[in-house]
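Structure first, then comments.
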Amino acid sequence: MSTPRFSFKRLWAVVVKEFIQMRRDRLTFGMMVGIPMIQLMLFGFAINSDPKHLPTAIIIQDHSQFSRTFIWSLRNSRYFDVVVEAESERDVQFLLDEGEVQFVINIPADFSRELLRGERPKLLLQADATDPAATGNAIAAINALVANVFDRDLKGPLQKLRDKPGPVEMQIHRLYNQEGKTQYNIVPGLMGVVLTMTMIVITALAITRERERGTMENLLATPARPAEVMFGKIIPYIMIGYIQTILILTAARFLFNVPMLGSIPLLLGLMLIFIAANLAVGITFSTVAKNQLQAMQMSFFFFLPSILLSGFMFPFRGMPTWAQHIGSALPLTHFLRLVRGILLKGNGLLESATHIWPIALFLLIVMAIGIKRYRQTLD
Amino acid sequence: MQAHEQSATDAPPPNAELVIDVSGITKRFGAQTVVNSIGMQVRRGEIYGFLGPNGSGKTTFLRMLCGLLKPDAGQGTCLGYDILHQSDEIKKHVGYMTQKFSYYEDLNLEENLDFIARIYQVPNRKQAVSDSLQKLGLHARRKQLAGQLSGGWKQRLALAASLIHNPELLLLDEPTAGVDPKARRDFWEEIHQLAAAGLTVMITTHYMDEAERCHRIAYIAYGNLLTNGTVAEVVSGAKLSVWEVSGPNLPALANELRHKKGIEQVVAFGNTLHVSGPQGEELRNAILPWMKPPYQWNQAESSLEDVFISLMGHSQDNFK
């Protein structure tokens, strides 16, 4: 009885071959670098997560020195472009419904009188929060603004009104969508999305191609073991995954000024599990798919829920429960929390562990299916 | 015929070691039996031709020999290793050239050979690759991508790759399909030299001239082994009677003869017809009414092709 042994030399043979093929296939190689760059540009610049000059309607029911000061400083903040000034709520409400304006700000009647009496009158801001990322920063800006906008107007005996909790109360109504998002969500999240997309597609194609072109028959007739072929194919793409990550991290740091509070080496280390999970999905798909087209279709079948239900596109807690359950099974969901936790909250290994084990579990299950399904014979 | 006589002279002695010794090999795909209880003995240094119509199970049989498929039944050894349990050992010593070109079209010749040499862990790899390129006359083209090669050159590359680890047994699945006559002749020259050096070669083909270049042949149809032996043994064993007829308007004569009892085949050969049947007496009675002028009849020797087509007609097509 022969004892088949894992051979690193044969593994290395496959790695070298994959690299040569990768180099020859310029288009695919270009895509692997191009996809992260294009997505970065689209999500980072074109789809601005910190939009300014948002169209704003103001209902002025109290014409006074204070109203003028307030409107002037709104404009100065650059977040608000006052496009409509109206006398009553009826005149502007439909603008919000139709999406003509992002905000409606209401300066109520008797605003200045109540202000001077120290009654803390209410300023009402209604925000179209369909896309919370679009309004978050503007809301933050207006909150900061009202604290001291009237400082110059409140002098002498009125100065005591400047004391906390401030001369006016800012009341904010987010319409259409209750959950807000933090500003640096997109770029770190993009890392997970790009890795999911390229890792799965590329590996699914790499093995299906061997079968489609008939080279698999040859490979199976050699002494190469399944594990050698599998890992030989995975290793080059792990390196590609890291190149993509470094591209995105560099852009995140220097182009988008994403704060990086946590440890980058920790992130790169833990990321290996996520990359491996995606590669395992790709390989498992390739053991099922009969041709490259099928492999591509299966990849997208997996990619769509990943991007839609992971919390990348829509706030995770805003989804119905069943969608959250599906999302929880996907590695991208946990990776998004992991990467945002490390970069934005400065999480360490301990806090990251809660996000790592679901990915590791996913990896184990998919890997087991993949190795079981990889046929060493042509049966 | 000349090739046949030549090959008969340098065939290995009958008591040579058996490289392939299997029996009862069966393979089913679903309800279909693709290979039905085939037994086979091949001696070291022998060129063994494997013939049969398309879909007859030749490729499946080769794949079982080299461990690509697991037989559903049967036992035996290949190179002394158990074909059911030691396919890892067998793979190390077998070179397999697939029917379809199965090297990497996006690697150049040298890279392809280097990859295969690494997989087989060939000692002195660089030297082995270089020698292999040199020997097959591929050295000048070593930087060319395999996908850009013509059919003949692809075949040379495939042969070089399947020989790079010095296998003891070479399995060739229709290696000369789509290759021009000159390249085919060179190819066979190479095969004979390799066999003379002790390599055992098993080759599938559809070409009768190639069958006659083999030391021994086997004919398989629809999964069943119908006959085997040397070319002369196969031809004489079939006991086929053949008459050659010439005269005017042979196509009309052919139509009249075709369904007569005792006549199995009526085949046009240039300006003559070959009329054959398994029973000499019956055949003679069948053609008797036409054995007069303007037709001229001569008894002819049956060819390998006559024998094979006759065998094919007898065998049941279990795919229908």
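Going by the structure tokens order, chains are called A, B, ..., each with residues numbered from 1, while ligands are numbered from 1 in the order shown.
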
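Around B:Gln265, within 10 Å and counting only C-alpha atoms, the residues found are Val242, Ala254, Leu257, Arg258, His259, Leu273, His274, Val275, Ser276, Gly277, Pro278, Asp306, Ile309, Ser310 and Gly313 of chain B, once anything fewer than 4 positions away on its own chain is removed.
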
Just the selected residues (N, CA and C atoms), exported as a PDB file, in the first residue's frame, please.
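Result file follows (part-v6.pdb):
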```
ATOM      1  N   VAL B 242     -12.680 -13.218 -48.897  1.00  0.00           N
ATOM      2  CA  VAL B 242     -12.820 -11.983 -49.663  1.00  0.00           C
ATOM      3  C   VAL B 242     -12.672 -12.266 -51.149  1.00  0.00           C
ATOM      4  N   ALA B 254     -22.862  -3.560 -56.771  1.00  0.00           N
ATOM      5  CA  ALA B 254     -22.730  -3.484 -55.312  1.00  0.00           C
ATOM      6  C   ALA B 254     -24.112  -3.474 -54.656  1.00  0.00           C
ATOM      7  N   LEU B 257     -25.660  -6.909 -54.728  1.00  0.00           N
ATOM      8  CA  LEU B 257     -25.020  -7.906 -53.867  1.00  0.00           C
ATOM      9  C   LEU B 257     -25.252  -7.661 -52.382  1.00  0.00           C
ATOM     10  N   ARG B 258     -25.437  -6.389 -52.057  1.00  0.00           N
ATOM     11  CA  ARG B 258     -25.303  -5.971 -50.662  1.00  0.00           C
ATOM     12  C   ARG B 258     -26.147  -6.776 -49.662  1.00  0.00           C
ATOM     13  N   HIS B 259     -27.375  -7.102 -50.038  1.00  0.00           N
ATOM     14  CA  HIS B 259     -28.229  -7.770 -49.034  1.00  0.00           C
ATOM     15  C   HIS B 259     -28.411  -9.263 -49.263  1.00  0.00           C
ATOM     16  N   LEU B 273     -14.405  -4.015 -56.520  1.00  0.00           N
ATOM     17  CA  LEU B 273     -15.232  -4.151 -55.323  1.00  0.00           C
ATOM     18  C   LEU B 273     -14.650  -5.283 -54.489  1.00  0.00           C
ATOM     19  N   HIS B 274     -14.635  -5.076 -53.146  1.00  0.00           N
ATOM     20  CA  HIS B 274     -14.282  -6.181 -52.275  1.00  0.00           C
ATOM     21  C   HIS B 274     -15.577  -6.733 -51.682  1.00  0.00           C
ATOM     22  N   VAL B 275     -15.832  -8.010 -51.933  1.00  0.00           N
ATOM     23  CA  VAL B 275     -17.040  -8.648 -51.413  1.00  0.00           C
ATOM     24  C   VAL B 275     -16.589  -9.694 -50.414  1.00  0.00           C
ATOM     25  N   SER B 276     -17.091  -9.575 -49.179  1.00  0.00           N
ATOM     26  CA  SER B 276     -16.584 -10.509 -48.169  1.00  0.00           C
ATOM     27  C   SER B 276     -17.704 -11.075 -47.312  1.00  0.00           C
ATOM     28  N   GLY B 277     -17.410 -12.202 -46.679  1.00  0.00           N
ATOM     29  CA  GLY B 277     -18.369 -12.854 -45.798  1.00  0.00           C
ATOM     30  C   GLY B 277     -17.651 -13.845 -44.916  1.00  0.00           C
ATOM     31  N   PRO B 278     -18.243 -14.210 -43.771  1.00  0.00           N
ATOM     32  CA  PRO B 278     -17.559 -15.090 -42.822  1.00  0.00           C
ATOM     33  C   PRO B 278     -17.523 -16.550 -43.282  1.00  0.00           C
ATOM     34  N   ASP B 306     -10.938  -5.006 -43.417  1.00  0.00           N
ATOM     35  CA  ASP B 306     -12.084  -5.906 -43.647  1.00  0.00           C
ATOM     36  C   ASP B 306     -12.453  -6.623 -42.355  1.00  0.00           C
ATOM     37  N   ILE B 309     -14.101  -4.188 -39.759  1.00  0.00           N
ATOM     38  CA  ILE B 309     -15.469  -3.780 -40.086  1.00  0.00           C
ATOM     39  C   ILE B 309     -16.419  -4.961 -39.916  1.00  0.00           C
ATOM     40  N   SER B 310     -15.936  -6.131 -40.232  1.00  0.00           N
ATOM     41  CA  SER B 310     -16.736  -7.328 -40.024  1.00  0.00           C
ATOM     42  C   SER B 310     -17.023  -7.541 -38.536  1.00  0.00           C
ATOM     43  N   GLY B 313     -19.573  -5.138 -37.255  1.00  0.00           N
ATOM     44  CA  GLY B 313     -20.932  -5.490 -37.634  1.00  0.00           C
ATOM     45  C   GLY B 313     -21.513  -6.576 -36.732  1.00  0.00           C
TER      46      GLY B 313
END
```

Inset, instruction - Report as a PyMOL selection string the set of chain B residues whose atoms approach chain A to within 6 Å, with distances computed over only C-alpha atoms. - result: chain B and resi 68-69+86+91-92+102-103+115+118-119

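With distances restricted to only C-alpha atoms, B:Val19 is the closest residue to B:Val201 from B:Thr98, B:Gly147, B:Val19, B:Asp88.
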
Legend entry - Contacts of A:Phe302 at 10 Å (only C-alpha atoms; same-chain gap of 4+ positions) as a ChimeraX atom specification: /A:196-197,200,281-282,285,297-298,306-307,330

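Each of B:Leu171, B:Asn228, B:Arg125, B:Gly55 was checked against B:Thr200 using only C-alpha atoms; the smallest atom-to-atom distance is that of B:Leu171.
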
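The list of residues with at least one atom within 12 Å of B:Asp131, based on only C-alpha atoms and without residues fewer than 6 positions apart in the same chain, reads B:Glu110, B:Leu113, B:Asp114, B:Asn124, B:Arg125, B:Gly137, B:Leu138, B:His139, B:Arg142, B:Ala160, B:Ala161, B:Leu163, B:Ile164, B:His165.
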